[in-house]
Each structure stands twice: as C-alpha cells, then as structure tokens.
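Here is the file entry33.cif (mmCIF, C-alpha atoms).
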```
data_start
#
loop_
_atom_site.label_atom_id
_atom_site.label_comp_id
_atom_site.auth_asym_id
_atom_site.auth_seq_id
_atom_site.Cartn_x
_atom_site.Cartn_y
_atom_site.Cartn_z
CA MET A 270 -48.21 18.53 83.96
CA SER A 271 -47.28 17.65 80.41
CA TYR A 272 -48.29 14.70 78.31
CA TRP A 273 -47.64 13.36 74.86
CA GLU A 274 -50.03 14.32 72.09
CA PRO A 275 -49.15 12.12 69.14
CA ARG A 276 -49.52 13.35 65.57
CA TRP A 277 -49.56 10.16 63.51
CA VAL A 278 -49.01 10.18 59.75
CA ARG A 279 -48.77 7.24 57.37
CA LYS A 280 -45.37 6.69 55.83
CA GLU A 281 -43.65 4.02 53.75
CA PHE A 282 -40.15 2.94 54.71
CA LYS A 283 -37.78 0.88 52.56
CA SER A 284 -34.77 -0.82 54.07
CA HIS A 285 -32.95 -4.14 53.57
CA GLY A 286 -35.16 -4.87 50.56
CA ILE A 287 -38.32 -4.62 52.68
CA ALA A 288 -41.05 -2.00 52.26
CA VAL A 289 -43.15 -1.25 55.35
CA VAL A 290 -46.17 1.05 55.52
CA THR A 291 -46.79 2.20 59.07
CA CYS A 292 -47.54 5.22 61.27
CA VAL A 293 -44.93 7.72 62.39
CA ASP A 294 -45.39 10.35 65.08
CA LEU A 295 -44.39 13.80 63.82
CA SER A 296 -43.60 15.17 67.29
CA THR A 297 -41.28 12.36 68.44
CA SER A 298 -40.40 10.53 65.17
CA LEU A 299 -41.38 7.23 66.78
CA ILE A 300 -42.33 4.43 64.38
CA LEU A 301 -45.18 2.06 65.20
CA CYS A 302 -45.00 -1.70 64.57
CA PRO A 303 -47.91 -2.45 62.23
CA LEU A 304 -48.00 -6.12 63.23
CA CYS A 305 -48.40 -5.96 66.99
CA SER A 306 -50.43 -2.77 67.26
CA SER A 307 -53.86 -3.24 68.83
CA ILE A 308 -55.19 -0.39 66.65
CA SER A 309 -55.30 -0.75 62.88
CA ILE A 310 -53.23 1.65 60.80
CA GLU A 311 -56.38 2.84 58.99
CA ASP A 312 -57.81 4.04 62.32
CA LEU A 313 -54.57 5.42 63.75
CA CYS A 314 -53.23 7.29 60.72
CA PRO A 315 -55.78 7.54 57.91
CA GLU A 316 -54.47 8.04 54.37
CA GLY A 317 -53.74 11.73 53.72
CA ARG A 318 -54.71 12.89 57.24
CA GLU A 319 -53.10 13.25 60.62
CA GLY A 320 -54.27 11.09 63.51
CA ASN A 321 -54.00 11.92 67.18
CA MET A 322 -55.16 8.71 68.86
CA PRO A 323 -52.93 7.65 71.78
CA VAL A 324 -51.49 4.13 71.69
CA THR A 325 -50.84 1.79 74.58
CA ASP A 326 -49.22 -1.63 74.62
CA SER A 327 -47.74 -1.15 71.15
CA ALA A 328 -44.13 -1.41 70.13
CA LEU A 329 -42.58 1.93 69.10
CA PHE A 330 -39.16 2.27 67.48
CA VAL A 331 -36.62 5.00 66.84
CA SER A 332 -35.28 3.68 63.53
CA ILE A 333 -36.55 1.60 60.64
CA GLU A 334 -33.75 -0.93 61.22
CA ASP A 335 -35.03 -1.54 64.75
CA LEU A 336 -38.56 -2.00 63.41
CA ILE A 337 -37.44 -4.49 60.75
CA ASN A 338 -35.46 -6.51 63.31
CA HIS A 339 -38.55 -6.54 65.52
CA MET A 340 -40.75 -7.61 62.61
CA ARG A 341 -38.39 -10.51 61.93
CA THR A 342 -39.18 -11.81 65.42
CA HIS A 343 -42.85 -11.81 64.43
CA TRP A 344 -41.96 -13.97 61.43
CA HIS A 345 -40.02 -16.42 63.59
CA THR A 346 -42.82 -16.78 66.14
CA LYS A 347 -45.36 -17.40 63.38
CA LYS A 348 -43.05 -19.94 61.77
CA TYR A 349 -42.60 -21.82 65.03
CA LYS A 350 -46.30 -21.68 65.88
CA LYS A 351 -47.10 -23.35 62.55
CA MET A 352 -44.76 -26.26 63.18
CA LYS A 353 -46.73 -29.43 63.66
CA VAL A 354 -45.82 -31.75 66.46
CA PRO A 355 -46.41 -35.38 65.51
CA VAL A 356 -49.17 -36.95 67.54
CA ALA A 357 -48.20 -40.22 69.20
CA ARG A 358 -50.23 -43.12 67.92
CA GLU A 359 -52.46 -44.73 70.43
CA ALA A 360 -51.62 -48.34 71.10
CA SER A 361 -54.19 -50.81 69.89
CA GLU A 362 -56.06 -52.93 72.41
CA GLU A 363 -54.18 -56.05 71.34
CA SER A 364 -50.78 -54.55 72.05
CA GLU A 365 -51.98 -53.25 75.41
CA GLU A 366 -53.24 -56.70 76.35
CA SER A 367 -49.96 -58.35 75.35
CA LEU A 368 -48.05 -55.77 77.34
CA LEU A 369 -50.23 -56.43 80.39
CA ARG A 370 -49.77 -60.21 79.99
CA GLN A 371 -46.01 -59.73 79.87
CA PHE A 372 -46.00 -57.83 83.17
CA THR A 373 -48.44 -60.17 84.92
CA ASN A 374 -46.56 -63.31 83.84
CA ASP A 375 -43.20 -62.02 84.96
CA LYS A 376 -42.45 -62.78 88.57
CA PRO A 377 -40.28 -60.35 90.45
CA ALA A 378 -36.75 -61.60 91.05
CA ARG A 379 -36.10 -62.55 94.63
CA ARG A 380 -33.04 -61.22 96.31
CA LYS A 381 -30.73 -63.62 98.05
#
```
Produce structure tokens that represent the structure in this file.
Amino acid sequence: MSYWEPRWVRKEFKSHGIAVVTCVDLSTSLILCPLCSSISIEDLCPEGREGNMPVTDSALFVSIEDLINHMRTHWHTKKYKKMKVPVAREASEESEESLLRQFTNDKPARRK
C-alpha cells in the first residue's frame, strides 16, 4: 500500500500583480491555499525548512492561476459577509394602535 508523504516548502508566487506566500509540496508540486487551510503556514512549512505534516480539508491547486482565482472567491465571500442588511424599524405603539383601530372599525363587505 502506498500513501502520500508531503514535503512542504515555503515559496512566494507572483502572478497578475499579486504576490502570494504559501506552501508547495516538492513531490507533487501541489500549492496550498493559505486562506482556507486549517493549519498555519508557519506550522506546515517553516521558513528555511521542509515540513512533512499531512493536510486534510484544505484546497490544493496545480497552478498559481488556479490558486489566485480561488483566492478571489475568498475576497467575494468576505465582501458579501460584510454587507449590512438594514434593520426594519419597529412600529411605534401609536401606529400599531391606529392600525388596529382601522381594522376593527372596518366592517367586512357583505356579498349579495
């Protein structure tokens, strides 16, 4: 039985005017998303050393372009999460009472 033994190293990528520092596996060349990884980059691939910690539930990418497109989705979700939804104002007691009076004073129309 074979299994994957990652050899993570820290690397900086530059593409589309964006610089990303993340971990890359030397055996498979897979690139880790630094934003959605459950393990910090400092623990996974320490500066100047190789790390061999396995990762689960983290997004891995083949190219830097794929990683940047994925990271843009993180930006969009954060942007939309920060949008404030206006809270409806509660009606004052006076307006509620006048509304109730309007409905109680109105008699239902009788059908002929």
Non-local contacts of A:Lys283 (10 Å; only C-alpha atoms; under 4 positions in same chain excluded) as a list in words: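 Near neighbours after the sequence-gap exclusion: Ile287, Ala288, Val289, Val290, Ile333, Glu334 and Ile337 of chain A.
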Chain and number of each residue from the PyMOL selection byres ((chain A and resi 340) around 12), as an NGL selection string: :A and (287-289 or 301-306 or 328-330 or 333-339 or 341-347)
Residue nearest A:Phe282 - candidates A:Leu295, A:Leu313, A:Ile300, A:Arg318, atoms counted: all atoms listed in the file: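 Comparing A:Leu295, A:Leu313, A:Ile300, A:Arg318 against A:Phe282, the winner is A:Ile300.
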Residues returned when the PyMOL selection byres ((chain A and resi 311) around 10) runs on this file, as a list in words: Arg279, Thr291, Cys292, Ile308, Ser309, Ile310, Asp312, Leu313, Cys314, Pro315, Glu316 and Gly320 of chain A
Point-to-point distance in Å for atom CA of A:Ser298 and atom CA of A:Val278: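 So the answer is 10.2 Å.
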Best match for closeness to A:Lys280 among A:Met322, A:Gly317, A:Val331, A:Ser296, counting only C-alpha atoms: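 Among A:Met322, A:Gly317, A:Val331, A:Ser296, it is A:Gly317 that comes nearest to A:Lys280.
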Among the residues A:Asp294, A:Glu281, A:Glu319, A:Asp326, the one that comes closest to A:Ser307 [using all atoms listed in the file]: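 The closest residue to A:Ser307 is A:Asp326.
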